[in-house]
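Novice: Okay, so here is model06.cif, and as you'll see once you scroll down, it has mmCIF, C-alpha atoms.
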data_run
#
loop_
_atom_site.group_PDB
_atom_site.id
_atom_site.type_symbol
_atom_site.label_atom_id
_atom_site.label_comp_id
_atom_site.auth_asym_id
_atom_site.auth_seq_id
_atom_site.Cartn_x
_atom_site.Cartn_y
_atom_site.Cartn_z
ATOM 1 C CA MET A 1 77.454 141.138 112.131
ATOM 2 C CA HIS A 2 74.178 139.224 112.495
ATOM 3 C CA ARG A 3 74.937 137.300 109.298
ATOM 4 C CA THR A 4 78.424 136.408 110.557
ATOM 5 C CA SER A 5 77.001 135.028 113.840
ATOM 6 C CA VAL A 6 74.503 132.882 111.998
ATOM 7 C CA ILE A 7 77.212 131.389 109.795
ATOM 8 C CA ARG A 8 79.458 130.714 112.813
ATOM 9 C CA ARG A 9 76.645 128.919 114.675
ATOM 10 C CA ALA A 10 75.914 126.803 111.609
ATOM 11 C CA VAL A 11 79.564 125.751 111.236
ATOM 12 C CA LEU A 12 79.856 124.834 114.939
ATOM 13 C CA ALA A 13 76.655 122.795 114.830
ATOM 14 C CA ALA A 14 77.854 120.831 111.771
ATOM 15 C CA ALA A 15 81.188 120.085 113.440
ATOM 16 C CA ALA A 16 79.434 118.797 116.568
ATOM 17 C CA VAL A 17 77.278 116.446 114.508
ATOM 18 C CA ALA A 18 80.313 115.143 112.611
ATOM 19 C CA LEU A 19 82.233 114.503 115.855
ATOM 20 C CA ALA A 20 79.334 112.612 117.411
ATOM 21 C CA ALA A 21 78.999 110.414 114.325
ATOM 22 C CA THR A 22 82.583 109.052 114.573
ATOM 23 C CA GLY A 23 82.043 107.361 117.978
ATOM 24 C CA CYS A 24 85.741 107.905 118.809
ATOM 25 C CA THR A 25 87.143 106.303 121.956
ATOM 26 C CA THR A 26 90.621 105.185 123.004
ATOM 27 C CA GLN A 27 89.659 101.582 122.157
ATOM 28 C CA ALA A 28 88.868 102.497 118.577
ATOM 29 C CA VAL A 29 92.536 103.012 117.696
ATOM 30 C CA GLY A 30 94.040 100.024 115.908
ATOM 31 C CA ALA A 31 97.399 98.440 116.682
ATOM 32 C CA ALA A 32 98.946 100.263 113.746
ATOM 33 C CA GLY A 33 97.874 103.646 115.125
ATOM 34 C CA GLY A 34 95.027 104.292 112.662
ATOM 35 C CA SER A 35 91.411 104.951 113.479
ATOM 36 C CA ALA A 36 89.032 102.035 113.604
ATOM 37 C CA LYS A 37 85.880 101.870 111.543
ATOM 38 C CA PRO A 38 82.693 103.356 113.048
ATOM 39 C CA SER A 39 80.887 101.082 115.472
ATOM 40 C CA PRO A 40 77.852 99.238 114.109
ATOM 41 C CA ALA A 41 74.526 100.968 114.716
ATOM 42 C CA SER A 42 73.151 97.957 116.589
ATOM 43 C CA PRO A 43 75.014 96.379 119.548
ATOM 44 C CA SER A 44 73.821 92.927 118.466
ATOM 45 C CA ALA A 45 75.741 93.260 115.215
ATOM 46 C CA SER A 46 79.112 93.634 116.926
ATOM 47 C CA ALA A 47 81.419 90.663 117.437
ATOM 48 C CA SER A 48 82.043 89.481 120.970
ATOM 49 C CA PRO A 49 85.660 89.052 122.185
ATOM 50 C CA SER A 50 85.413 85.289 121.614
ATOM 51 C CA SER A 51 83.635 85.377 118.276
ATOM 52 C CA GLY A 52 86.823 84.953 116.266
ATOM 53 C CA ALA A 53 85.658 87.397 113.574
ATOM 54 C CA SER A 54 88.412 88.652 111.276
ATOM 55 C CA ALA A 55 89.761 92.187 111.286
ATOM 56 C CA ALA A 56 87.843 92.839 108.075
ATOM 57 C CA GLY A 57 84.611 92.130 109.957
ATOM 58 C CA GLY A 58 81.539 90.169 108.989
ATOM 59 C CA ALA A 59 83.069 86.653 108.987
ATOM 60 C CA GLU A 60 81.397 84.094 111.219
ATOM 61 C CA PRO A 61 83.794 82.071 113.423
ATOM 62 C CA ALA A 62 84.653 78.586 112.216
ATOM 63 C CA ALA A 63 83.947 75.557 114.382
ATOM 64 C CA SER A 64 86.729 75.091 116.910
ATOM 65 C CA SER A 65 88.874 72.009 117.323
ATOM 66 C CA PRO A 66 91.175 70.922 120.181
ATOM 67 C CA ALA A 67 94.285 72.466 118.662
ATOM 68 C CA GLY A 68 93.248 74.443 115.645
ATOM 69 C CA SER A 69 90.924 74.660 112.692
ATOM 70 C CA ALA A 70 91.031 75.115 108.960
ATOM 71 C CA SER A 71 90.714 78.888 109.480
ATOM 72 C CA PRO A 72 93.608 81.385 109.568
ATOM 73 C CA GLY A 73 95.698 79.482 112.208
ATOM 74 C CA ALA A 74 95.545 76.148 110.369
ATOM 75 C CA SER A 75 99.033 76.395 108.866
ATOM 76 C CA LYS A 76 100.714 77.255 112.170
ATOM 77 C CA VAL A 77 103.072 74.462 113.266
ATOM 78 C CA LEU A 78 101.864 73.005 116.565
ATOM 79 C CA MET A 79 104.343 70.132 116.916
ATOM 80 C CA ALA A 80 107.581 69.212 115.164
ATOM 81 C CA GLU A 81 110.785 67.270 115.811
ATOM 82 C CA GLY A 82 112.148 68.236 119.209
ATOM 83 C CA THR A 83 108.756 69.028 120.779
ATOM 84 C CA GLU A 84 108.207 67.266 124.090
ATOM 85 C CA ASN A 85 104.869 67.565 125.905
ATOM 86 C CA GLU A 86 101.637 65.721 126.650
ATOM 87 C CA GLN A 87 100.036 66.786 123.368
ATOM 88 C CA VAL A 88 102.757 64.824 121.561
ATOM 89 C CA ARG A 89 101.848 61.800 123.689
ATOM 90 C CA GLU A 90 98.217 62.158 122.582
ATOM 91 C CA LEU A 91 99.338 62.608 118.971
ATOM 92 C CA GLN A 92 101.316 59.365 119.112
ATOM 93 C CA ALA A 93 98.447 57.461 120.739
ATOM 94 C CA ARG A 94 95.999 58.649 118.058
ATOM 95 C CA LEU A 95 98.438 57.760 115.279
ATOM 96 C CA ARG A 96 98.869 54.341 116.870
ATOM 97 C CA GLN A 97 95.089 53.813 116.798
ATOM 98 C CA LEU A 98 95.174 54.387 113.049
ATOM 99 C CA GLY A 99 98.168 52.127 112.403
ATOM 100 C CA HIS A 100 100.730 54.840 111.659
ATOM 101 C CA PHE A 101 102.745 54.659 114.909
ATOM 102 C CA HIS A 102 103.925 51.270 116.129
ATOM 103 C CA ARG A 103 105.305 51.823 119.601
ATOM 104 C CA SER A 104 104.284 53.151 122.985
ATOM 105 C CA PRO A 105 103.793 56.938 123.237
ATOM 106 C CA THR A 106 106.790 58.735 124.704
ATOM 107 C CA ALA A 107 105.668 62.413 124.581
ATOM 108 C CA PHE A 108 108.803 63.202 122.540
ATOM 109 C CA TYR A 109 108.480 64.137 118.860
ATOM 110 C CA GLY A 110 111.378 62.389 117.143
ATOM 111 C CA SER A 111 112.079 61.088 113.657
ATOM 112 C CA MET A 112 109.719 58.117 114.047
ATOM 113 C CA THR A 113 106.856 60.400 115.006
ATOM 114 C CA GLY A 114 107.637 62.617 112.021
ATOM 115 C CA LYS A 115 107.444 59.627 109.666
ATOM 116 C CA ALA A 116 104.147 58.537 111.231
ATOM 117 C CA VAL A 117 102.716 62.033 110.757
ATOM 118 C CA SER A 118 103.849 62.073 107.104
ATOM 119 C CA SER A 119 102.179 58.704 106.562
ATOM 120 C CA PHE A 120 98.908 60.011 108.006
ATOM 121 C CA GLN A 121 99.110 63.230 105.972
ATOM 122 C CA LYS A 122 99.600 61.316 102.713
ATOM 123 C CA LYS A 123 96.584 59.140 103.438
ATOM 124 C CA GLN A 124 94.479 62.219 104.166
ATOM 125 C CA GLY A 125 95.609 64.064 101.047
ATOM 126 C CA LEU A 126 97.548 66.667 103.024
ATOM 127 C CA SER A 127 101.055 67.923 102.340
ATOM 128 C CA ALA A 128 103.419 65.346 103.869
ATOM 129 C CA THR A 129 105.470 67.814 105.904
ATOM 130 C CA GLY A 130 106.055 65.531 108.878
ATOM 131 C CA THR A 131 105.018 68.373 111.178
ATOM 132 C CA VAL A 132 101.619 68.932 112.772
ATOM 133 C CA ASP A 133 99.687 72.075 111.929
ATOM 134 C CA GLY A 134 96.088 72.941 112.756
ATOM 135 C CA ALA A 135 94.653 71.229 109.677
ATOM 136 C CA THR A 136 96.565 67.994 110.367
ATOM 137 C CA TRP A 137 95.519 67.959 114.016
ATOM 138 C CA GLN A 138 91.899 68.633 113.096
ATOM 139 C CA GLN A 139 91.786 65.714 110.660
ATOM 140 C CA LEU A 140 93.593 63.419 113.093
ATOM 141 C CA THR A 141 91.179 64.144 115.948
ATOM 142 C CA ALA A 142 88.234 63.631 113.580
ATOM 143 C CA ALA A 143 89.600 60.266 112.386
ATOM 144 C CA SER A 144 90.478 58.921 115.858
ATOM 145 C CA ARG A 145 89.063 58.907 119.364
ATOM 146 C CA LYS A 146 90.378 60.352 122.601
ATOM 147 C CA PRO A 147 93.056 57.952 123.902
ATOM 148 C CA THR A 148 92.481 56.106 127.132
ATOM 149 C CA ALA A 149 94.966 56.217 130.006
ATOM 150 C CA GLN A 150 96.086 52.723 128.989
ATOM 151 C CA GLU A 151 96.728 53.874 125.421
ATOM 152 C CA LEU A 152 98.700 56.904 126.572
ATOM 153 C CA ARG A 153 100.932 54.828 128.864
ATOM 154 C CA PRO A 154 100.644 51.178 127.801
ATOM 155 C CA PRO A 155 102.499 48.439 129.651
ATOM 156 C CA THR A 156 103.128 46.447 126.484
ATOM 157 C CA THR A 157 106.542 45.667 125.011
ATOM 158 C CA ASN A 158 107.934 48.460 122.840
ATOM 159 C CA GLU A 159 109.232 48.051 119.313
ATOM 160 C CA LEU A 160 112.836 48.927 118.527
ATOM 161 C CA ASP A 161 113.512 51.956 116.395
ATOM 162 C CA LYS A 162 116.329 52.305 113.880
ATOM 163 C CA PRO A 163 119.613 52.081 115.821
ATOM 164 C CA ASP A 164 121.630 55.236 116.283
ATOM 165 C CA ALA A 165 124.679 55.354 113.988
ATOM 166 C CA ARG A 166 126.960 55.168 117.054
ATOM 167 C CA CYS A 167 125.494 51.739 117.835
ATOM 168 C CA MET A 168 126.475 50.122 114.534
ATOM 169 C CA THR A 169 130.018 49.109 115.420
ATOM 170 C CA GLY A 170 131.446 47.106 118.300
ATOM 171 C CA ARG A 171 129.708 45.949 121.462
ATOM 172 C CA VAL A 172 127.033 48.444 122.489
ATOM 173 C CA LEU A 173 124.168 48.914 124.899
ATOM 174 C CA CYS A 174 122.058 51.048 122.553
ATOM 175 C CA ILE A 175 119.382 52.871 124.567
ATOM 176 C CA SER A 176 116.632 54.863 122.838
ATOM 177 C CA LYS A 177 114.587 57.383 124.804
ATOM 178 C CA GLU A 178 112.168 57.746 121.919
ATOM 179 C CA SER A 179 111.121 54.091 121.722
ATOM 180 C CA ARG A 180 112.017 53.402 125.393
ATOM 181 C CA THR A 181 114.086 50.370 124.504
ATOM 182 C CA LEU A 182 117.529 48.935 125.190
ATOM 183 C CA ALA A 183 119.176 46.868 122.463
ATOM 184 C CA TRP A 184 122.303 44.845 123.214
ATOM 185 C CA MET A 185 124.146 44.977 119.887
ATOM 186 C CA ILE A 186 127.324 43.425 118.537
ATOM 187 C CA ASP A 187 128.731 44.692 115.213
ATOM 188 C CA GLY A 188 125.409 46.245 114.187
ATOM 189 C CA LYS A 189 123.230 43.229 114.996
ATOM 190 C CA VAL A 190 120.660 43.126 117.815
ATOM 191 C CA VAL A 191 121.415 40.256 120.197
ATOM 192 C CA SER A 192 118.739 41.082 122.768
ATOM 193 C CA ALA A 193 116.224 43.871 123.410
ATOM 194 C CA MET A 194 114.042 44.980 126.305
ATOM 195 C CA ASP A 195 111.763 47.773 127.563
ATOM 196 C CA VAL A 196 113.309 50.498 129.699
ATOM 197 C CA ARG A 197 112.270 53.654 131.494
ATOM 198 C CA PHE A 198 114.309 56.683 132.468
ATOM 199 C CA GLY A 199 114.782 59.391 135.058
ATOM 200 C CA SER A 200 112.111 61.894 135.925
ATOM 201 C CA GLU A 201 112.181 65.547 134.856
ATOM 202 C CA ASN A 202 114.106 66.486 137.996
ATOM 203 C CA THR A 203 116.607 63.625 137.702
ATOM 204 C CA PRO A 204 116.979 62.982 133.960
ATOM 205 C CA THR A 205 119.029 60.199 132.437
ATOM 206 C CA ARG A 206 122.038 61.715 130.710
ATOM 207 C CA GLU A 207 122.353 61.363 126.942
ATOM 208 C CA GLY A 208 125.557 60.702 125.040
ATOM 209 C CA THR A 209 128.213 58.052 124.482
ATOM 210 C CA PHE A 210 129.674 56.334 127.550
ATOM 211 C CA LYS A 211 131.405 53.125 128.612
ATOM 212 C CA VAL A 212 130.460 50.528 131.200
ATOM 213 C CA ASP A 213 132.571 51.556 134.207
ATOM 214 C CA ARG A 214 131.746 48.637 136.458
ATOM 215 C CA LYS A 215 129.240 45.830 136.962
ATOM 216 C CA GLU A 216 127.495 44.788 140.192
ATOM 217 C CA ARG A 217 125.269 41.711 140.221
ATOM 218 C CA GLU A 218 123.805 42.823 143.548
ATOM 219 C CA TRP A 219 123.828 46.478 144.538
ATOM 220 C CA GLU A 220 121.925 48.874 146.780
ATOM 221 C CA SER A 221 121.797 52.586 146.052
ATOM 222 C CA THR A 222 123.835 54.494 148.611
ATOM 223 C CA LEU A 223 121.656 57.588 148.033
ATOM 224 C CA TYR A 224 118.155 56.122 147.846
ATOM 225 C CA HIS A 225 118.701 52.743 149.551
ATOM 226 C CA THR A 226 116.894 50.826 146.827
ATOM 227 C CA SER A 227 117.919 47.514 145.303
ATOM 228 C CA MET A 228 119.684 47.669 141.915
ATOM 229 C CA PRO A 229 120.284 44.067 140.732
ATOM 230 C CA TYR A 230 122.384 43.493 137.605
ATOM 231 C CA ALA A 231 123.681 47.069 137.646
ATOM 232 C CA MET A 232 125.964 48.219 134.826
ATOM 233 C CA PHE A 233 127.247 51.697 135.659
ATOM 234 C CA PHE A 234 128.035 54.000 132.742
ATOM 235 C CA SER A 235 127.858 57.640 133.915
ATOM 236 C CA GLY A 236 128.740 58.310 137.529
ATOM 237 C CA GLY A 237 125.928 56.870 139.637
ATOM 238 C CA GLN A 238 123.681 56.211 136.636
ATOM 239 C CA ALA A 239 123.375 52.591 135.598
ATOM 240 C CA VAL A 240 121.304 50.097 133.662
ATOM 241 C CA HIS A 241 119.660 47.819 136.247
ATOM 242 C CA TYR A 242 116.605 45.720 137.010
ATOM 243 C CA SER A 243 113.739 47.571 138.725
ATOM 244 C CA SER A 244 110.970 45.779 140.602
ATOM 245 C CA ASP A 245 109.115 49.102 140.735
ATOM 246 C CA PHE A 246 109.170 49.322 136.926
ATOM 247 C CA LYS A 247 107.817 45.786 136.706
ATOM 248 C CA ALA A 248 105.013 46.604 139.161
ATOM 249 C CA ARG A 249 104.052 50.138 138.085
ATOM 250 C CA GLY A 250 105.274 50.373 134.511
ATOM 251 C CA TYR A 251 105.591 53.883 133.119
ATOM 252 C CA ASN A 252 103.574 55.406 135.967
ATOM 253 C CA GLY A 253 106.871 55.807 137.790
ATOM 254 C CA GLY A 254 110.410 56.880 136.978
ATOM 255 C CA SER A 255 113.975 56.466 138.126
ATOM 256 C CA HIS A 256 116.450 58.870 139.712
ATOM 257 C CA GLY A 257 118.423 58.897 136.471
ATOM 258 C CA CYS A 258 119.150 55.219 135.946
ATOM 259 C CA VAL A 259 117.910 53.120 133.039
ATOM 260 C CA ASN A 260 115.345 50.757 134.566
ATOM 261 C CA VAL A 261 114.655 47.318 133.065
ATOM 262 C CA ARG A 262 111.595 45.245 134.005
ATOM 263 C CA ASP A 263 112.548 41.912 132.414
ATOM 264 C CA LYS A 264 114.893 40.472 135.030
ATOM 265 C CA ASP A 265 115.771 37.239 133.233
ATOM 266 C CA ARG A 266 116.574 38.974 129.965
ATOM 267 C CA LEU A 267 118.731 41.565 131.702
ATOM 268 C CA ALA A 268 120.547 38.852 133.668
ATOM 269 C CA SER A 269 121.521 37.178 130.396
ATOM 270 C CA VAL A 270 122.805 40.438 128.921
ATOM 271 C CA PHE A 271 124.624 41.253 132.176
ATOM 272 C CA ASP A 272 126.656 38.061 131.778
ATOM 273 C CA GLN A 273 127.627 39.038 128.207
ATOM 274 C CA VAL A 274 128.510 42.709 128.705
ATOM 275 C CA LYS A 275 132.109 43.513 129.608
ATOM 276 C CA VAL A 276 133.539 46.493 131.441
ATOM 277 C CA GLY A 277 134.607 48.939 128.745
ATOM 278 C CA ASP A 278 131.730 48.126 126.347
ATOM 279 C CA LYS A 279 130.065 51.161 124.804
ATOM 280 C CA VAL A 280 126.776 52.666 126.042
ATOM 281 C CA VAL A 281 124.804 55.049 123.806
ATOM 282 C CA VAL A 282 121.794 56.927 125.201
ATOM 283 C CA HIS A 283 119.934 58.867 122.541
ATOM 284 C CA TRP A 284 116.595 60.192 121.318
#
Have the structure of the file written as structure tokens, please.

Specialist:
Amino acid sequence: MHRTSVIRRAVLAAAAVALAATGCTTQAVGAAGGSAKPSPASPSASASPSSGASAAGGAEPAASSPAGSASPGASKVLMAEGTENEQVRELQARLRQLGHFHRSPTAFYGSMTGKAVSSFQKKQGLSATGTVDGATWQQLTAASRKPTAQELRPPTTNELDKPDARCMTGRVLCISKESRTLAWMIDGKVVSAMDVRFGSENTPTREGTFKVDRKEREWESTLYHTSMPYAMFFSGGQAVHYSSDFKARGYNGGSHGCVNVRDKDRLASVFDQVKVGDKVVVHW
């Protein structure tokens, strides 16, 4: 009996030591349901929540960048065609600094932005995917400087992009949201072009194919009581028209859905040429 008690005490003592050595807590269970590795003996050896150490442990965090690094998240796509946000605006401004993007930033990632990204990637020896991942963003921010407010929203004249296919036949007011331009085209040729701005997020300019419903050389908005000279209506109350606010404030403002033009003389000339029934294409 005495021998049995001694053996039992020895077994219980060994089990207690083994249990204490595991350091088990509810936080030690991994996402997959398995037990985590024992905690390091020294608290200073453990990774802090922001250290970025890998699940395998022991790896020092890589230097951070504004949108990613060459570490495990580098291949994640951050921006691609269809993305629309302020990071895209910064992307375009940085690409413009380096001579890859030749128009004012719009904050919309379209085909022209994709081509500019591919051009930059080729020059940097990266895969020319036309999309922005962490590695591309890291190299772009290293090669350029933070854009100024003027670079993000410049008042300068915008360059035309490649016309939409719907603009290549007939008489068309071809309006691009990506390059923020209006091109008056006849049979695929640009007759005149000008800068434009569009509706705000709450009152967006509609996209699609329309026709000029009516023309008004002098008009005042019945909803907002603002002057709309040389108005060419194409979608309900939405129209192409001259905007003194656009001329004064540039892209710091927006319309209630209309296509604003700031070059009054150029618009007046186009107004005289456009006929009711001519096509209007608003596109990205």

Novice: One decimal, Å: what's the distance from atom CA of Gly130 of chain A over to atom CA of Ala143 of chain A, could you say?

Specialist: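 Atom CA of Ala143 of chain A lies at a distance of 17.6 Å from atom CA of Gly130 of chain A.
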
Novice: Here's the selection I'm unsure about, the PyMOL selection byres ((chain A and resi 221-230) around 9); applied to the file above, which residues does it give, as JSON, numbers by chain?

Specialist: {"A": [215, 216, 217, 218, 219, 220, 231, 232, 237, 239, 240, 241, 242, 243, 244, 256, 264, 267, 268, 271]}

Novice: For those residues, write C-alpha atoms to a file as a PDB file, in the coordinates of the input.

Specialist:
ATOM      1  CA  LYS A 215     129.240  45.830 136.962  1.00  0.00           C
ATOM      2  CA  GLU A 216     127.495  44.788 140.192  1.00  0.00           C
ATOM      3  CA  ARG A 217     125.269  41.711 140.221  1.00  0.00           C
ATOM      4  CA  GLU A 218     123.805  42.823 143.548  1.00  0.00           C
ATOM      5  CA  TRP A 219     123.828  46.478 144.538  1.00  0.00           C
ATOM      6  CA  GLU A 220     121.925  48.874 146.780  1.00  0.00           C
ATOM      7  CA  ALA A 231     123.681  47.069 137.646  1.00  0.00           C
ATOM      8  CA  MET A 232     125.964  48.219 134.826  1.00  0.00           C
ATOM      9  CA  GLY A 237     125.928  56.870 139.637  1.00  0.00           C
ATOM     10  CA  ALA A 239     123.375  52.591 135.598  1.00  0.00           C
ATOM     11  CA  VAL A 240     121.304  50.097 133.662  1.00  0.00           C
ATOM     12  CA  HIS A 241     119.660  47.819 136.247  1.00  0.00           C
ATOM     13  CA  TYR A 242     116.605  45.720 137.010  1.00  0.00           C
ATOM     14  CA  SER A 243     113.739  47.571 138.725  1.00  0.00           C
ATOM     15  CA  SER A 244     110.970  45.779 140.602  1.00  0.00           C
ATOM     16  CA  HIS A 256     116.450  58.870 139.712  1.00  0.00           C
ATOM     17  CA  LYS A 264     114.893  40.472 135.030  1.00  0.00           C
ATOM     18  CA  LEU A 267     118.731  41.565 131.702  1.00  0.00           C
ATOM     19  CA  ALA A 268     120.547  38.852 133.668  1.00  0.00           C
ATOM     20  CA  PHE A 271     124.624  41.253 132.176  1.00  0.00           C
TER      21      PHE A 271
END

Novice: To one decimal place in Å, what is the distance between atom CA of Leu182 of chain A and atom CA of Gly110 of chain A?

Specialist: 16.8 Å

Novice: Would you mind telling me which residue in A:Ala107, A:Leu78, A:Val280, A:Ile175 lies nearest to Arg197 of chain A when using only C-alpha atoms?

Specialist: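 That would be A:Ile175, the residue with the smallest distance to Arg197 of chain A.
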
Novice: Take atom CA of Thr113 of chain A and atom CA of Ala248 of chain A and report the distance between them in Å, one decimal.

Specialist: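 Result for atom CA of Thr113 of chain A versus atom CA of Ala248 of chain A: 27.9 Å, one decimal.
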
Novice: Could you check which of A:Gly250, A:Gly82, A:Gly257, A:Gly99 is closest to Gln150 of chain A, using all atoms listed in the file?

Specialist: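 Counting all atoms listed in the file, the residue closest to Gln150 of chain A is A:Gly250.
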
Novice: At a cut-off of 8 Å, using only C-alpha atoms, what residues contact Lys279 of chain A? Leave out same-chain residues fewer than 2 positions from it and give the result as an NGL selection string.

Specialist: :A and (170-173 or 209-212 or 277 or 281)

Novice: Keeping only C-alpha atoms, write the selected residues as a PDB file, in the coordinates of the input.

Specialist:
ATOM      1  CA  GLY A 170     131.446  47.106 118.300  1.00  0.00           C
ATOM      2  CA  ARG A 171     129.708  45.949 121.462  1.00  0.00           C
ATOM      3  CA  VAL A 172     127.033  48.444 122.489  1.00  0.00           C
ATOM      4  CA  LEU A 173     124.168  48.914 124.899  1.00  0.00           C
ATOM      5  CA  THR A 209     128.213  58.052 124.482  1.00  0.00           C
ATOM      6  CA  PHE A 210     129.674  56.334 127.550  1.00  0.00           C
ATOM      7  CA  LYS A 211     131.405  53.125 128.612  1.00  0.00           C
ATOM      8  CA  VAL A 212     130.460  50.528 131.200  1.00  0.00           C
ATOM      9  CA  GLY A 277     134.607  48.939 128.745  1.00  0.00           C
ATOM     10  CA  VAL A 281     124.804  55.049 123.806  1.00  0.00           C
TER      11      VAL A 281
END

Novice: With distances taken over only C-alpha atoms, which residue among A:Val88, A:Arg96, A:Lys123, A:Gly134 lies nearest Ser75 of chain A?

Specialist: A:Gly134

Novice: Excluding same-chain residues fewer than 2 positions from Val190 of chain A, what lies within 12 Å of it counting only C-alpha atoms, as a list in words?

Specialist: Leu160, Asp161, Lys162, Pro163, Cys167, Met168, Thr169, Gly170, Arg171, Val172, Leu173, Cys174, Ile175, Thr181, Leu182, Ala183, Trp184, Met185, Ile186, Asp187, Gly188, Ser192, Ala193, Met194 and Val270 of chain A

Novice: Keeping only C-alpha atoms, write those residues as a PDB file, in the coordinates of the input.

Specialist:
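Resulting contents of selection-v3.pdb:
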ATOM      1  CA  LEU A 160     112.836  48.927 118.527  1.00  0.00           C
ATOM      2  CA  ASP A 161     113.512  51.956 116.395  1.00  0.00           C
ATOM      3  CA  LYS A 162     116.329  52.305 113.880  1.00  0.00           C
ATOM      4  CA  PRO A 163     119.613  52.081 115.821  1.00  0.00           C
ATOM      5  CA  CYS A 167     125.494  51.739 117.835  1.00  0.00           C
ATOM      6  CA  MET A 168     126.475  50.122 114.534  1.00  0.00           C
ATOM      7  CA  THR A 169     130.018  49.109 115.420  1.00  0.00           C
ATOM      8  CA  GLY A 170     131.446  47.106 118.300  1.00  0.00           C
ATOM      9  CA  ARG A 171     129.708  45.949 121.462  1.00  0.00           C
ATOM     10  CA  VAL A 172     127.033  48.444 122.489  1.00  0.00           C
ATOM     11  CA  LEU A 173     124.168  48.914 124.899  1.00  0.00           C
ATOM     12  CA  CYS A 174     122.058  51.048 122.553  1.00  0.00           C
ATOM     13  CA  ILE A 175     119.382  52.871 124.567  1.00  0.00           C
ATOM     14  CA  THR A 181     114.086  50.370 124.504  1.00  0.00           C
ATOM     15  CA  LEU A 182     117.529  48.935 125.190  1.00  0.00           C
ATOM     16  CA  ALA A 183     119.176  46.868 122.463  1.00  0.00           C
ATOM     17  CA  TRP A 184     122.303  44.845 123.214  1.00  0.00           C
ATOM     18  CA  MET A 185     124.146  44.977 119.887  1.00  0.00           C
ATOM     19  CA  ILE A 186     127.324  43.425 118.537  1.00  0.00           C
ATOM     20  CA  ASP A 187     128.731  44.692 115.213  1.00  0.00           C
ATOM     21  CA  GLY A 188     125.409  46.245 114.187  1.00  0.00           C
ATOM     22  CA  SER A 192     118.739  41.082 122.768  1.00  0.00           C
ATOM     23  CA  ALA A 193     116.224  43.871 123.410  1.00  0.00           C
ATOM     24  CA  MET A 194     114.042  44.980 126.305  1.00  0.00           C
ATOM     25  CA  VAL A 270     122.805  40.438 128.921  1.00  0.00           C
TER      26      VAL A 270
END

Novice: Please evaluate the PyMOL selection byres ((chain A and resi 246) around 10) against the displayed coordinates and give the resulting residues as a PyMOL selection string.

Specialist: chain A and resi 155+195-197+242-245+247-255+260-263
